[in-house]
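The file structure33.cif comes next; it holds mmCIF, C-alpha atoms.
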data_model
#
loop_
_atom_site.label_atom_id
_atom_site.label_comp_id
_atom_site.auth_asym_id
_atom_site.auth_seq_id
_atom_site.Cartn_x
_atom_site.Cartn_y
_atom_site.Cartn_z
CA MET O 1 -170.56 -331.69 -178.54
CA ASN O 2 -174.14 -330.97 -177.52
CA ILE O 3 -175.44 -329.57 -174.22
CA ARG O 4 -179.01 -330.52 -173.31
CA PRO O 5 -181.29 -331.00 -170.31
CA ALA O 6 -180.76 -334.39 -168.68
CA ARG O 7 -183.31 -337.13 -169.19
CA VAL O 8 -184.34 -339.90 -166.83
CA GLY O 9 -182.46 -342.39 -169.00
CA ASP O 10 -179.24 -340.41 -168.42
CA VAL O 11 -179.21 -341.01 -164.67
CA PRO O 12 -176.99 -344.14 -164.68
CA ALA O 13 -174.37 -342.35 -166.81
CA ILE O 14 -174.55 -339.24 -164.61
CA GLN O 15 -174.12 -341.38 -161.50
CA GLU O 16 -171.10 -343.12 -163.04
CA LEU O 17 -169.46 -339.79 -163.91
CA ILE O 18 -170.01 -338.49 -160.38
CA ARG O 19 -168.87 -341.80 -158.83
CA THR O 20 -165.53 -341.54 -160.67
CA PHE O 21 -164.75 -338.30 -158.84
CA ALA O 22 -166.50 -339.22 -155.58
CA ASP O 23 -164.21 -342.27 -155.32
CA ARG O 24 -161.30 -339.82 -155.31
CA LYS O 25 -163.06 -337.71 -152.65
CA LEU O 26 -163.44 -334.82 -155.08
CA MET O 27 -167.26 -334.85 -155.05
CA ILE O 28 -170.15 -336.05 -152.93
CA ARG O 29 -171.50 -339.42 -154.00
CA ARG O 30 -175.09 -339.28 -155.30
CA SER O 31 -177.61 -342.10 -155.01
CA LEU O 32 -179.79 -343.07 -157.96
CA GLY O 33 -182.83 -341.88 -156.03
CA GLU O 34 -181.30 -338.48 -155.39
CA LEU O 35 -180.37 -338.11 -159.05
CA TYR O 36 -183.83 -339.09 -160.27
CA GLU O 37 -185.40 -336.61 -157.82
CA SER O 38 -183.20 -333.77 -159.07
CA ILE O 39 -182.99 -334.71 -162.76
CA ARG O 40 -184.57 -331.41 -163.82
CA GLU O 41 -181.61 -329.55 -162.33
CA PHE O 42 -179.09 -331.36 -164.56
CA LEU O 43 -177.61 -330.60 -167.94
CA VAL O 44 -175.48 -333.11 -169.81
CA ALA O 45 -172.87 -332.81 -172.52
CA THR O 46 -172.89 -335.48 -175.20
CA ASP O 47 -170.28 -336.31 -177.80
CA ASP O 48 -170.91 -336.83 -181.52
CA ASN O 49 -172.06 -340.39 -180.79
CA GLY O 50 -174.60 -339.26 -178.20
CA GLN O 51 -172.53 -340.56 -175.27
CA ILE O 52 -172.63 -338.48 -172.09
CA VAL O 53 -169.23 -336.94 -171.45
CA GLY O 54 -170.18 -334.39 -168.80
CA CYS O 55 -172.84 -333.25 -166.38
CA VAL O 56 -173.67 -330.33 -164.12
CA ALA O 57 -176.59 -329.27 -161.94
CA LEU O 58 -178.01 -325.88 -161.05
CA HIS O 59 -179.83 -326.00 -157.71
CA VAL O 60 -181.96 -322.96 -156.85
CA PHE O 61 -181.87 -321.92 -153.19
CA TRP O 62 -184.12 -318.89 -153.41
CA GLU O 63 -185.01 -315.96 -155.62
CA ASP O 64 -181.48 -314.67 -156.11
CA LEU O 65 -179.14 -317.56 -155.33
CA ALA O 66 -178.34 -320.91 -156.91
CA GLU O 67 -175.58 -323.47 -156.53
CA LEU O 68 -173.68 -324.96 -159.41
CA LYS O 69 -172.89 -328.54 -158.40
CA CYS O 70 -172.01 -331.98 -159.67
CA LEU O 71 -169.79 -330.68 -162.48
CA ALA O 72 -168.07 -333.75 -163.86
CA VAL O 73 -166.39 -334.37 -167.19
CA SER O 74 -165.18 -337.79 -168.29
CA GLU O 75 -161.41 -338.03 -168.36
CA HIS O 76 -161.28 -338.77 -172.09
CA ALA O 77 -163.11 -335.45 -172.71
CA HIS O 78 -160.87 -333.26 -170.53
CA GLY O 79 -159.33 -330.31 -172.35
CA ARG O 80 -162.06 -330.17 -175.00
CA GLY O 81 -164.12 -327.31 -173.54
CA VAL O 82 -166.84 -329.57 -172.10
CA GLY O 83 -166.62 -328.16 -168.57
CA ARG O 84 -166.63 -324.58 -169.84
CA ALA O 85 -169.65 -325.27 -172.09
CA LEU O 86 -171.55 -326.82 -169.16
CA LEU O 87 -170.73 -323.84 -166.92
CA ASP O 88 -171.80 -321.37 -169.58
CA SER O 89 -175.05 -323.27 -170.08
CA CYS O 90 -175.78 -323.18 -166.35
CA TRP O 91 -175.03 -319.46 -166.22
CA GLU O 92 -177.49 -318.94 -169.08
CA ALA O 93 -180.10 -321.10 -167.30
CA ALA O 94 -179.65 -318.99 -164.16
CA ARG O 95 -180.07 -315.82 -166.21
CA LEU O 96 -183.31 -317.14 -167.73
CA LEU O 97 -184.57 -317.91 -164.22
CA GLU O 98 -183.57 -314.35 -163.20
CA ILE O 99 -181.12 -315.65 -160.61
CA LYS O 100 -178.45 -313.05 -159.99
CA THR O 101 -175.84 -315.07 -158.11
CA VAL O 102 -174.42 -318.55 -158.54
CA PHE O 103 -171.91 -320.15 -156.16
CA THR O 104 -169.99 -323.38 -156.14
CA LEU O 105 -167.76 -325.34 -153.78
CA THR O 106 -164.81 -327.01 -155.46
CA TYR O 107 -161.25 -328.29 -155.29
CA VAL O 108 -160.45 -326.89 -158.76
CA ALA O 109 -160.86 -323.17 -158.13
CA ASP O 110 -158.55 -322.14 -160.97
CA PHE O 111 -160.95 -323.57 -163.55
CA PHE O 112 -163.90 -321.65 -162.13
CA GLU O 113 -161.88 -318.44 -161.85
CA LYS O 114 -161.09 -318.69 -165.58
CA CYS O 115 -164.86 -318.90 -166.12
CA GLY O 116 -165.75 -315.68 -164.27
CA TYR O 117 -166.10 -316.87 -160.66
CA HIS O 118 -164.18 -315.35 -157.76
CA ARG O 119 -163.24 -316.75 -154.37
CA ILE O 120 -165.16 -315.96 -151.23
CA GLU O 121 -165.03 -317.26 -147.68
CA LYS O 122 -167.23 -320.31 -147.17
CA ALA O 123 -168.52 -318.69 -144.00
CA ASP O 124 -170.02 -315.91 -146.15
CA LEU O 125 -172.42 -318.37 -147.78
CA PRO O 126 -175.86 -318.92 -146.21
CA HIS O 127 -175.96 -321.70 -143.62
CA LYS O 128 -178.67 -323.45 -145.62
CA ILE O 129 -176.08 -324.61 -148.16
CA TRP O 130 -174.34 -326.87 -145.64
CA ASN O 131 -177.15 -329.44 -145.80
CA GLU O 132 -175.19 -331.63 -148.24
CA CYS O 133 -171.82 -331.00 -146.66
CA VAL O 134 -172.68 -333.01 -143.56
CA ARG O 135 -173.02 -336.11 -145.80
CA CYS O 136 -169.53 -335.72 -147.17
CA PRO O 137 -166.85 -338.09 -145.80
CA LEU O 138 -164.49 -335.12 -145.47
CA PHE O 139 -166.85 -333.02 -143.32
CA PRO O 140 -165.94 -330.97 -141.30
CA ASN O 141 -162.31 -331.04 -142.45
CA CYS O 142 -163.03 -330.10 -146.02
CA ASN O 143 -160.70 -327.99 -148.10
CA GLU O 144 -163.20 -327.04 -150.78
CA ILE O 145 -163.00 -323.48 -152.00
CA ALA O 146 -166.12 -321.34 -152.29
CA LEU O 147 -166.52 -319.30 -155.45
CA ILE O 148 -169.28 -317.01 -156.65
CA ARG O 149 -170.40 -315.29 -159.82
CA SER O 150 -172.93 -312.47 -159.87
CA VAL O 151 -174.64 -310.46 -162.58
CA ALA O 152 -174.38 -307.36 -160.38
CA THR O 153 -170.63 -307.23 -160.77
CA GLU O 154 -168.03 -308.57 -163.11
CA TRP O 155 -164.54 -309.23 -161.88
CA GLN O 156 -161.46 -308.52 -163.84
CA SER O 157 -157.78 -308.48 -163.16
CA VAL O 158 -156.19 -305.05 -162.84
CA ASN O 159 -152.43 -305.21 -162.30
CA GLY O 160 -152.80 -308.71 -160.88
CA GLU O 161 -155.54 -307.70 -158.41
CA LEU O 162 -159.23 -308.41 -158.70
CA ALA O 163 -161.34 -305.31 -159.23
CA THR O 164 -165.12 -304.94 -159.34
CA VAL O 165 -166.65 -303.47 -162.46
CA SER O 166 -170.35 -302.64 -162.35
CA VAL O 167 -172.42 -303.81 -165.30
#
Whole structure, structure tokens version:
Amino acid sequence: MNIRPARVGDVPAIQELIRTFADRKLMIRRSLGELYESIREFLVATDDNGQIVGCVALHVFWEDLAELKCLAVSEHAHGRGVGRALLDSCWEAARLLEIKTVFTLTYVADFFEKCGYHRIEKADLPHKIWNECVRCPLFPNCNEIALIRSVATEWQSVNGELATVSV
């Protein structure tokens, strides 16, 4: 598996990955135009044959906040560490950009929690992030869970409870 920045030629494969999950109402559908406009935000995972098996985007909101979005892994690549590798690559990209906090909205919170994110109330996120939500067919009755990861604190389980550990 290889993780690399997305290229313009990857857009149809990225759109197909996202469409698979959007059809199940697990993600927001993305138009080709939208994907081309935001291609620099995307990373892709490729298999040994160079086929795209996963994608993710890191969208910067301002100096200290970014959103991890569009995480999708093809079903035949589930369980192979592709999603984790994409998340880790985004976290590293955020670090290089000196972004201290990354959030995501998801239906698979357990996966993100295993990767260092912790749950927060959606209402605690800046209102600016709701721009895409209004396009979602499930808005305003969405059950997505908000999660966040920050360099300022690391979260670990202590006797089954989350505790903050300064770094």
**Message:** Starting from the PyMOL selection byres ((chain O and resi 17-22) around 9), expand the selection into actual residues of this file and give them as number ranges by chain.
**Reply:** O: 12-16, 23-30, 52-55, 70-74
**Within 10 Å of segment 86-102 of chain O using all atoms listed in the file, minus same-chain residues under 4 positions, as a PyMOL selection string** = chain O and resi 2-5+41-45+54-69+71-73+81-82+112+115-117+147-153
**Prompt:** In Å to one decimal, how far is atom CA of Glu75 of chain O from atom CA of Ala6 of chain O?
**Reply:** 19.7 Å
**Prompt:** How many Å lie between atom CA of Leu125 of chain O and atom CA of Ala146 of chain O, rounded to one decimal?
**Reply:**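 It comes out at 8.3 Å.
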**Distance in Å - atom CA of Gly83 of chain O versus atom CA of Glu113 of chain O** =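 It comes out at 12.7 Å.
Counting only C-alpha atoms, the residue from O:Phe111, O:Asp48, O:Ile145, O:Leu105 that sits nearest to His78 of chain O is O:Phe111.
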